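Undergrad: Let me begin by handing over the structure; questions about it come next.
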Amino acid sequence: MIKEFTNHDLKELNSFHVEQKCLKLITFERGEELDQIFCTENRPQKWYVLGGGNNILFTQDYDGALIHPVGQGIEVVAEDEQSVTINAQAGVEWDDMVAWCVEHNLWGAENLSLIPGSVGASPVQNIGAYGAEAKDIISRVHLFSTLDYQHKTLTKEECRFAYRESIFKQELKGKVIITSVDFTLSKVAKPNLHYGDVCQRVEELGGATLNNIREAICSIRNEKLPDTSKMGNAGSFFKNPIVAKERAEELKQQHENMPVYPTADPTKAKLAAGWLIDKAGMKGYRTEKVGVHDRQALVLVNHGRACGRDVIELSEQVQQRVWECFGIRIEPEVNIL
Ligand SMILES: Cc1cc2nc3c(=O)[nH]c(=O)nc-3n(C[C@H](O)[C@H](O)[C@H](O)COP(=O)(O)OP(=O)(O)OC[C@H]3O[C@@H](n4cnc5c(N)ncnc54)[C@H](O)[C@@H]3O)c2cc1C
């Protein structure tokens, strides 16, 4: 069913909890309902998809329609000896989908436990954590295109997934609404324990079962990341910068402990934005309303009653300090509206 709200308060619909409004909030359950919203003369002229609002910073009231999928439901659509393919509606909470897979003894989603957000948003930035990415389990993405008002299905290859990237952040940005996603999970145990202290935590819990891996990841995340219900934030505010390999080597000579990661392009290297912010002296920095988290330099937080502009001003200060210290420009990962 479609529901429409006017002048809707967004405070509980964005994880920064900034106090902005939208002209219209339109919620829908099933993909077909989008025909009723868009295949009419009264279709919204300005619109944006709002999932759980965990990767969006509102800097002003939104003077268009926010399209908000709320459809729930997970069903098995294919199965063979080795794997099961499920279809999850865009409005399903990502972590509920992960919990469903773990309960049904299906492998592949467990390392992505507790990432906040909706299933519909997961392909957009190809969410990832602890050595796994959504692209490892996504097989198809079902969507509605406002280019021709048709419902379509993209294969995994057509989604052009890369590190925190996909076609939905490039050519199809602002042109499609993802209505559901197919995930292919393995019936065969495939523990992925190579990242950080996951292996040790899993051993402490008694070995590599699906439940133990999920529990280990949830406890690591709870220790490291601020709870958005207590302190507004959007997880990592900045992307890890990718620079020319020579530049990374030059910096490494000046800063021996600086983390440098290889990329798919052998002429480039990835630096850790959190490390750069920390070394630039901004970790734990705060003003009255906003700050850089004191344990996670990549996370900007709302200490209460901040507006989007307060967060933007802080992010610019952080960018400036990193630029002055390292000559590196760090860019926001969060969508700024
Ligand atoms: C505490 C915290 C920790 C986090 N940790 C991680 C992490 O470990 N790894 C990681 O990758 N991310 C992480 N994030 C970021 C966030 O969880 C992801 O970006 C997530 O996918 C956002 O989901 P959402 O439903 O809230 O999307 P939103 O914030 O509502 O939207 C994000 C973007 O996707 C678009 N979008 C959303 N739904 C749809 C749809 N159905 N169709 C088309 N476009 C859509 C929006 O228009 C917007 O551009 C974290 C965030 C927080 C607050």
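Letters A, B, ... mark the chains of the structure tokens in the order given; residue numbers begin at 1 per chain; ligand numbers begin at 1, in order shown.
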Could you build a table of the residues in chain A lying no more than 6 Å from ligand 1, giving for each the nearest pair of atoms and their separation in Å rounded to one decimal place, using only C-alpha atoms and all ligand atoms, ordered by chain and ascending residue number, as a Markdown table?
TA:
```
| residue | atom | partner | partner_atom_place_in_ligand_line | distance |
| --- | --- | --- | --- | --- |
| A:Ser15 | CA | ligand 1 | 53 (C) | 5.7 |
| A:Tyr48 | CA | ligand 1 | 47 (O) | 5.6 |
| A:Val49 | CA | ligand 1 | 47 (O) | 4.0 |
| A:Leu50 | CA | ligand 1 | 30 (O) | 4.1 |
| A:Gly51 | CA | ligand 1 | 30 (O) | 3.2 |
| A:Gly52 | CA | ligand 1 | 26 (O) | 3.3 |
| A:Gly53 | CA | ligand 1 | 30 (O) | 3.4 |
| A:Asn54 | CA | ligand 1 | 26 (O) | 3.6 |
| A:Asn55 | CA | ligand 1 | 29 (O) | 3.4 |
| A:Ile56 | CA | ligand 1 | 29 (O) | 4.6 |
| A:Ala90 | CA | ligand 1 | 41 (N) | 5.4 |
| A:Ile115 | CA | ligand 1 | 5 (N) | 5.0 |
| A:Pro116 | CA | ligand 1 | 17 (O) | 4.1 |
| A:Gly117 | CA | ligand 1 | 23 (O) | 3.3 |
| A:Ser118 | CA | ligand 1 | 25 (O) | 3.7 |
| A:Gly120 | CA | ligand 1 | 41 (N) | 3.7 |
| A:Ala121 | CA | ligand 1 | 38 (N) | 3.7 |
| A:Ser122 | CA | ligand 1 | 21 (O) | 4.5 |
| A:Val124 | CA | ligand 1 | 34 (O) | 5.4 |
| A:Ile127 | CA | ligand 1 | 11 (O) | 3.2 |
| A:Gly128 | CA | ligand 1 | 11 (O) | 4.2 |
| A:Ala129 | CA | ligand 1 | 8 (O) | 4.7 |
| A:Val176 | CA | ligand 1 | 43 (C) | 5.8 |
| A:Ile177 | CA | ligand 1 | 42 (N) | 3.8 |
| A:Ile178 | CA | ligand 1 | 42 (N) | 3.6 |
| A:Thr179 | CA | ligand 1 | 41 (N) | 5.7 |
| A:Leu225 | CA | ligand 1 | 1 (C) | 5.8 |
| A:Thr228 | CA | ligand 1 | 1 (C) | 5.9 |
| A:Asn233 | CA | ligand 1 | 53 (C) | 5.4 |
| A:Ala234 | CA | ligand 1 | 53 (C) | 3.5 |
| A:Gly235 | CA | ligand 1 | 52 (C) | 3.5 |
| A:Asn335 | CA | ligand 1 | 49 (O) | 5.7 |
```
Undergrad: Write out as a PyMOL selection string the residues lying within 6 Å of A:Gly91, counting only C-alpha atoms and excluding same-chain residues fewer than 2 positions away.
TA: chain A and resi 69-72+89+118
Undergrad: Give me the stretch 150-211 of chain A side of the contact with stretch 74-86 of chain A, cut-off 7 Å, one line per residue showing its nearest atom pair and distance in Å at one decimal, counting only C-alpha atoms, sorted by chain and residue number, as CSV.
TA:
```
residue,atom,partner,partner_atom,distance
A:Asp182,CA,A:Ile86,CA,5.5
A:Phe183,CA,A:Ile86,CA,5.4
A:Thr184,CA,A:Thr85,CA,4.2
A:Leu185,CA,A:Val84,CA,5.4
A:Ser186,CA,A:Ser83,CA,4.4
A:Lys187,CA,A:Ser83,CA,5.1
A:Val188,CA,A:Gln82,CA,6.2
```
Undergrad: Neighbouring residues of stretch 112-114 of chain A were defined as those with any atom within 8 Å, considering only C-alpha atoms; residues of the same chain fewer than 6 positions away were excluded. Please report them as a count of residues only.
TA: 14
Undergrad: Using only C-alpha atoms, which residues sit within 8 Å of A:Leu10 once same-chain residues fewer than 3 positions away are excluded, as a VMD selection string?
TA: chain A and resid 13 to 14 17 to 22
Undergrad: Env of A:Val243: 8 Å cut, atoms = only C-alpha atoms, seq-sep filter 6 positions within chain, self excluded. Answer as a list in words.
TA: Lys268, Ala269, Lys270 and Leu271 of chain A
Undergrad: Nearest residue to A:Ser139 out of A:Lys156, A:Arg30, A:His194, A:His293, using only C-alpha atoms?
TA: A:Lys156
Undergrad: What's the 12 Å shell around stretch 283-287 of chain A, counting only C-alpha atoms, without same-chain residues fewer than 6 positions away, as a PyMOL selection string?
TA: chain A and resi 273-277+293-304+306+310-311+313-315+317-318+321-322
Undergrad: Extract the full set of alpha helix (DSSP H) residues from stretch 204-299 of chain A according to DSSP on the backbone, and format it as a ChimeraX atom specification.
TA: /A:204-205,210-224,245-254,273-279
Undergrad: Selection from above, N, CA and C atoms, as a short mmCIF file (atom, residue, chain, number, x, y, z; two decimals), in the first residue's frame, can you write it?
TA:
```cif
data_model
loop_
_atom_site.label_atom_id
_atom_site.label_comp_id
_atom_site.auth_asym_id
_atom_site.auth_seq_id
_atom_site.Cartn_x
_atom_site.Cartn_y
_atom_site.Cartn_z
N GLU A 204 37.45 -18.01 20.53
CA GLU A 204 37.05 -17.84 21.94
C GLU A 204 35.61 -18.28 22.18
N LEU A 205 34.78 -18.14 21.13
CA LEU A 205 33.37 -18.53 21.27
C LEU A 205 33.15 -20.02 21.04
N LEU A 210 28.19 -20.63 12.14
CA LEU A 210 27.55 -19.39 11.67
C LEU A 210 27.17 -18.49 12.84
N ASN A 211 26.58 -19.11 13.89
CA ASN A 211 26.15 -18.30 15.05
C ASN A 211 27.33 -17.64 15.73
N ASN A 212 28.46 -18.36 15.85
CA ASN A 212 29.63 -17.79 16.52
C ASN A 212 30.22 -16.64 15.70
N ILE A 213 30.25 -16.80 14.38
CA ILE A 213 30.82 -15.73 13.54
C ILE A 213 29.94 -14.48 13.66
N ARG A 214 28.63 -14.68 13.58
CA ARG A 214 27.72 -13.52 13.71
C ARG A 214 27.90 -12.86 15.08
N GLU A 215 27.98 -13.68 16.13
CA GLU A 215 28.12 -13.11 17.47
C GLU A 215 29.44 -12.33 17.60
N ALA A 216 30.51 -12.90 17.03
CA ALA A 216 31.84 -12.25 17.11
C ALA A 216 31.79 -10.89 16.39
N ILE A 217 31.23 -10.88 15.17
CA ILE A 217 31.17 -9.63 14.39
C ILE A 217 30.32 -8.59 15.14
N CYS A 218 29.17 -9.02 15.67
CA CYS A 218 28.29 -8.08 16.38
C CYS A 218 29.02 -7.50 17.58
N SER A 219 29.75 -8.33 18.32
CA SER A 219 30.39 -7.78 19.52
C SER A 219 31.54 -6.85 19.13
N ILE A 220 32.30 -7.18 18.08
CA ILE A 220 33.38 -6.27 17.65
C ILE A 220 32.78 -4.93 17.22
N ARG A 221 31.70 -4.99 16.43
CA ARG A 221 31.10 -3.74 15.93
C ARG A 221 30.56 -2.90 17.09
N ASN A 222 29.90 -3.57 18.05
CA ASN A 222 29.34 -2.82 19.18
C ASN A 222 30.42 -2.13 20.01
N GLU A 223 31.60 -2.75 20.07
CA GLU A 223 32.69 -2.12 20.83
C GLU A 223 33.25 -0.92 20.07
N LYS A 224 33.29 -1.04 18.72
CA LYS A 224 34.02 -0.02 17.95
C LYS A 224 33.17 1.16 17.51
N LYS A 245 50.63 5.51 -6.65
CA LYS A 245 51.48 4.66 -5.82
C LYS A 245 52.74 5.40 -5.35
N GLU A 246 53.29 6.25 -6.25
CA GLU A 246 54.51 6.99 -5.89
C GLU A 246 54.23 7.94 -4.71
N ARG A 247 53.06 8.57 -4.73
CA ARG A 247 52.70 9.50 -3.65
C ARG A 247 52.59 8.73 -2.33
N ALA A 248 51.99 7.54 -2.39
CA ALA A 248 51.85 6.72 -1.18
C ALA A 248 53.24 6.33 -0.66
N GLU A 249 54.15 6.01 -1.59
CA GLU A 249 55.51 5.62 -1.17
C GLU A 249 56.25 6.78 -0.52
N GLU A 250 56.09 7.98 -1.13
CA GLU A 250 56.71 9.19 -0.55
C GLU A 250 56.24 9.40 0.88
N LEU A 251 54.90 9.30 1.07
CA LEU A 251 54.33 9.52 2.41
C LEU A 251 54.80 8.45 3.39
N LYS A 252 54.93 7.23 2.89
CA LYS A 252 55.34 6.11 3.74
C LYS A 252 56.77 6.33 4.27
N GLN A 253 57.58 6.99 3.44
CA GLN A 253 58.95 7.28 3.90
C GLN A 253 58.94 8.29 5.05
N GLN A 254 57.97 9.21 4.99
CA GLN A 254 57.87 10.22 6.07
C GLN A 254 57.16 9.68 7.31
N ALA A 273 41.76 6.73 5.63
CA ALA A 273 41.33 8.10 5.99
C ALA A 273 41.33 8.28 7.51
N GLY A 274 40.92 7.24 8.25
CA GLY A 274 40.87 7.33 9.72
C GLY A 274 42.26 7.61 10.29
N TRP A 275 43.27 6.95 9.74
CA TRP A 275 44.66 7.15 10.21
C TRP A 275 45.10 8.59 9.92
N LEU A 276 44.78 9.08 8.73
CA LEU A 276 45.18 10.44 8.34
C LEU A 276 44.52 11.47 9.28
N ILE A 277 43.24 11.25 9.59
CA ILE A 277 42.50 12.21 10.45
C ILE A 277 43.10 12.17 11.86
N ASP A 278 43.39 10.97 12.33
CA ASP A 278 43.98 10.81 13.66
C ASP A 278 45.34 11.54 13.72
N LYS A 279 46.20 11.28 12.74
CA LYS A 279 47.54 11.88 12.74
C LYS A 279 47.47 13.40 12.51
#
```
